[in-house]
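Q: Have a look at the structure that comes next, please.
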Amino acid sequence: TAAYGNMLPSAFLNTPRHGVLNIHPSLLPKYRGAAPVQRAVQDGVATTGVSVAFSVLKCDAGPIFLQEETAVLEDEQAPELLDRLFKQGAQLLVGNMQRVWSGEAAQLAQQQVEAEATHAAKLTKEEAQLDFQQPARVLHNKVRAFARWPGTFAALAVSSSGSENGDKQQLQQQGQMQVKVLRSRLGDAAAEQVLQAAPAGQ
């Protein structure tokens, strides 16, 4: 199975002679749950991976047969990484099917360390608003993690050209615009200094 989204009943799990294997896009026991890739990207991890584990009656908690790491690119978004991890996991499983059929996989599989388990909760629309009081990297990671669904949104103050230096009350009176942020990118410190020093309009 891969991204099935529901718990499999014991009658199903007990049917195959050599067990049921699941491709999970994280390095278990880290990021068990509904949104492992999104939460890993939101946390800003530099390395993640894929696990091929036996399915049990507890979510993503079965013995691990295979794992493989991969680097997370600086601007890679969750849907892109998810697609890459499932392809990697499928290749990993197909390349080891003979070991599954021989029963070797079940013998080699390692129990997960429960004390190291973390939960990757499902994303919600309520989390989608960007807070510009947070550091730029936190916002960047959130845009990457929430890409496609539910997306990320920013409330921008709307002002006329003559009110750029107006006070906060004036901006509030003129209202806000809600925009969806599709992609973001972090600039280096030098670029930020140039932008800060540039005259308005340049």
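Note on naming: chains are A, B, ... as they come in the structure tokens, residues start from 1 per chain, ligands start from 1 in the order shown.
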Based on DSSP run over this structure's backbone, return all residues of chain A in alpha helix (DSSP H), as a ChimeraX atom specification.

A: /A:10-13,36-42,78-94,97-101,104-108,136-145,168-174,189-197

Q: Within 7 Å of stretch 63-78 of chain A, counting only C-alpha atoms, which residues qualify if same-chain residues fewer than 6 places away don't, as a PyMOL selection string?

A: chain A and resi 27+37-38+41+46-54+105+108-112+144-145+147+185

Q: Record the distance separating atom CA of A:Ala155 and atom CA of A:Glu80, expressed in Å with one decimal.

A: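 Computed distance, atom CA of A:Ala155 to atom CA of A:Glu80, equals 26.4 Å.
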
Q: Among chain A, which residues carry a DSSP assignment of strand (DSSP E), reported as a ChimeraX atom specification?

A: /A:21-24,32-33,47-54,64-71,119-120,152-157,176-181

Q: Take the residues just selected and output them with N, CA, C and O atoms as a tab-separated table (two decimals), in the first residue's frame.

A:
chain	number	residue	atom	x	y	z
A	21	LEU	N	2.91	-4.90	2.97
A	21	LEU	CA	3.95	-3.89	3.05
A	21	LEU	C	3.40	-2.53	2.63
A	21	LEU	O	2.57	-2.43	1.73
A	22	ASN	N	3.89	-1.50	3.28
A	22	ASN	CA	3.46	-0.13	3.01
A	22	ASN	C	4.67	0.74	2.70
A	22	ASN	O	5.70	0.66	3.39
A	23	ILE	N	4.54	1.58	1.67
A	23	ILE	CA	5.57	2.58	1.36
A	23	ILE	C	5.19	3.86	2.07
A	23	ILE	O	4.15	4.46	1.78
A	24	HIS	N	6.01	4.28	3.01
A	24	HIS	CA	5.71	5.49	3.80
A	24	HIS	C	6.79	6.53	3.55
A	24	HIS	O	7.98	6.25	3.71
A	32	ARG	N	5.07	9.78	11.57
A	32	ARG	CA	3.94	8.88	11.34
A	32	ARG	C	2.69	9.73	11.13
A	32	ARG	O	2.55	10.81	11.70
A	33	GLY	N	1.76	9.25	10.32
A	33	GLY	CA	0.50	9.95	10.20
A	33	GLY	C	0.17	10.41	8.80
A	33	GLY	O	0.76	9.96	7.82
A	47	THR	N	17.22	16.45	5.42
A	47	THR	CA	17.23	15.06	4.97
A	47	THR	C	15.96	14.36	5.41
A	47	THR	O	15.52	14.53	6.55
A	48	THR	N	15.38	13.62	4.52
A	48	THR	CA	14.24	12.77	4.86
A	48	THR	C	14.45	11.44	4.16
A	48	THR	O	15.58	11.06	3.89
A	49	GLY	N	13.39	10.72	3.87
A	49	GLY	CA	13.57	9.45	3.20
A	49	GLY	C	12.27	8.68	3.08
A	49	GLY	O	11.19	9.23	3.31
A	50	VAL	N	12.40	7.43	2.73
A	50	VAL	CA	11.24	6.57	2.54
A	50	VAL	C	11.46	5.27	3.29
A	50	VAL	O	12.59	4.79	3.42
A	51	SER	N	10.36	4.73	3.82
A	51	SER	CA	10.42	3.47	4.56
A	51	SER	C	9.48	2.46	3.91
A	51	SER	O	8.38	2.81	3.49
A	52	VAL	N	9.92	1.23	3.85
A	52	VAL	CA	9.05	0.13	3.45
A	52	VAL	C	8.86	-0.70	4.71
A	52	VAL	O	9.80	-1.32	5.22
A	53	ALA	N	7.64	-0.67	5.23
A	53	ALA	CA	7.36	-1.30	6.52
A	53	ALA	C	6.14	-2.20	6.43
A	53	ALA	O	5.26	-2.00	5.58
A	54	PHE	N	6.08	-3.18	7.30
A	54	PHE	CA	4.91	-4.05	7.37
A	54	PHE	C	3.76	-3.31	8.04
A	54	PHE	O	3.95	-2.57	9.00
A	64	ILE	N	10.11	-2.30	10.22
A	64	ILE	CA	10.69	-1.67	9.02
A	64	ILE	C	11.58	-2.68	8.30
A	64	ILE	O	12.54	-3.20	8.86
A	65	PHE	N	11.26	-2.90	7.04
A	65	PHE	CA	12.06	-3.80	6.19
A	65	PHE	C	13.18	-3.03	5.51
A	65	PHE	O	14.34	-3.45	5.52
A	66	LEU	N	12.85	-1.89	4.90
A	66	LEU	CA	13.84	-1.12	4.15
A	66	LEU	C	13.68	0.37	4.42
A	66	LEU	O	12.56	0.85	4.63
A	67	GLN	N	14.78	1.09	4.39
A	67	GLN	CA	14.76	2.55	4.45
A	67	GLN	C	15.84	3.12	3.54
A	67	GLN	O	16.89	2.50	3.35
A	68	GLU	N	15.55	4.29	3.01
A	68	GLU	CA	16.53	4.95	2.15
A	68	GLU	C	16.39	6.46	2.31
A	68	GLU	O	15.28	6.99	2.24
A	69	GLU	N	17.49	7.14	2.52
A	69	GLU	CA	17.48	8.59	2.75
A	69	GLU	C	17.55	9.36	1.43
A	69	GLU	O	17.99	8.83	0.40
A	70	THR	N	17.15	10.62	1.49
A	70	THR	CA	17.32	11.53	0.36
A	70	THR	C	17.42	12.95	0.90
A	70	THR	O	16.85	13.27	1.96
A	71	ALA	N	18.15	13.79	0.20
A	71	ALA	CA	18.28	15.19	0.60
A	71	ALA	C	17.04	15.96	0.15
A	71	ALA	O	16.44	15.67	-0.88
A	119	HIS	N	4.50	12.47	15.37
A	119	HIS	CA	3.24	12.43	14.64
A	119	HIS	C	3.15	13.57	13.64
A	119	HIS	O	3.47	14.71	13.95
A	120	ALA	N	2.74	13.25	12.42
A	120	ALA	CA	2.56	14.24	11.35
A	120	ALA	C	1.07	14.45	11.13
A	120	ALA	O	0.44	13.74	10.34
A	152	THR	N	-1.05	28.66	1.15
A	152	THR	CA	-0.79	29.64	2.20
A	152	THR	C	-1.32	31.00	1.75
A	152	THR	O	-1.31	31.32	0.56
A	153	PHE	N	-1.75	31.80	2.72
A	153	PHE	CA	-2.40	33.07	2.42
A	153	PHE	C	-1.78	34.18	3.26
A	153	PHE	O	-1.35	33.96	4.39
A	154	ALA	N	-1.75	35.37	2.68
A	154	ALA	CA	-1.22	36.53	3.38
A	154	ALA	C	-2.21	37.68	3.29
A	154	ALA	O	-2.80	37.92	2.23
A	155	ALA	N	-2.38	38.39	4.38
A	155	ALA	CA	-3.23	39.58	4.41
A	155	ALA	C	-2.35	40.80	4.20
A	155	ALA	O	-1.45	41.08	5.00
A	156	LEU	N	-2.56	41.51	3.11
A	156	LEU	CA	-1.76	42.69	2.78
A	156	LEU	C	-2.60	43.95	2.93
A	156	LEU	O	-3.76	43.99	2.51
A	157	ALA	N	-2.02	44.97	3.55
A	157	ALA	CA	-2.71	46.25	3.69
A	157	ALA	C	-2.78	46.93	2.34
A	157	ALA	O	-1.79	46.98	1.60
A	176	GLN	N	-7.77	45.54	3.66
A	176	GLN	CA	-6.75	44.52	3.41
A	176	GLN	C	-7.13	43.68	2.21
A	176	GLN	O	-8.30	43.58	1.84
A	177	MET	N	-6.10	43.08	1.62
A	177	MET	CA	-6.29	42.17	0.50
A	177	MET	C	-5.70	40.82	0.88
A	177	MET	O	-4.57	40.75	1.37
A	178	GLN	N	-6.48	39.77	0.69
A	178	GLN	CA	-6.02	38.42	0.98
A	178	GLN	C	-5.46	37.81	-0.31
A	178	GLN	O	-6.16	37.72	-1.32
A	179	VAL	N	-4.20	37.42	-0.28
A	179	VAL	CA	-3.56	36.84	-1.47
A	179	VAL	C	-3.04	35.44	-1.15
A	179	VAL	O	-2.64	35.15	-0.02
A	180	LYS	N	-3.09	34.57	-2.15
A	180	LYS	CA	-2.55	33.23	-2.01
A	180	LYS	C	-1.10	33.22	-2.48
A	180	LYS	O	-0.79	33.68	-3.58
A	181	VAL	N	-0.22	32.71	-1.65
A	181	VAL	CA	1.21	32.67	-1.95
A	181	VAL	C	1.53	31.29	-2.53
A	181	VAL	O	1.43	30.28	-1.84

Q: Would you please work out which residue, of A:Arg17, A:Lys58, A:Gln129, A:Gly175, is nearest to A:Val158 when using only C-alpha atoms?

A: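 When distances to A:Val158 are compared using only C-alpha atoms, the smallest one comes from A:Gly175.
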
Q: Quick one: of A:Pro29, A:Thr15, A:Leu186, A:Pro150, who's nearest to A:Pro135, counting only C-alpha atoms?

A: A:Leu186

Q: Under the rule that only C-alpha atoms are counted, which of A:Ala34, A:Gly19, A:Arg183, A:Thr118 is the nearest residue to A:Asn6?

A: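 Under the stated criterion, the closest residue is A:Ala34.
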
Q: Between A:Val20, A:Tyr31, A:Val45, A:Ser55, single out the one closest to A:Trp101, counting only C-alpha atoms.

A: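 Looking only at the distances to A:Trp101, the closest residue turns out to be A:Val20.
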
Q: Identify, on the basis of only C-alpha atoms, every residue whose closest approach to A:Ala136 does not exceed 12 Å; exclude the query and any residue fewer than 4 positions from it along the same chain; express the result as a PyMOL selection string.

A: chain A and resi 44+130-132+140-143+184-189+192
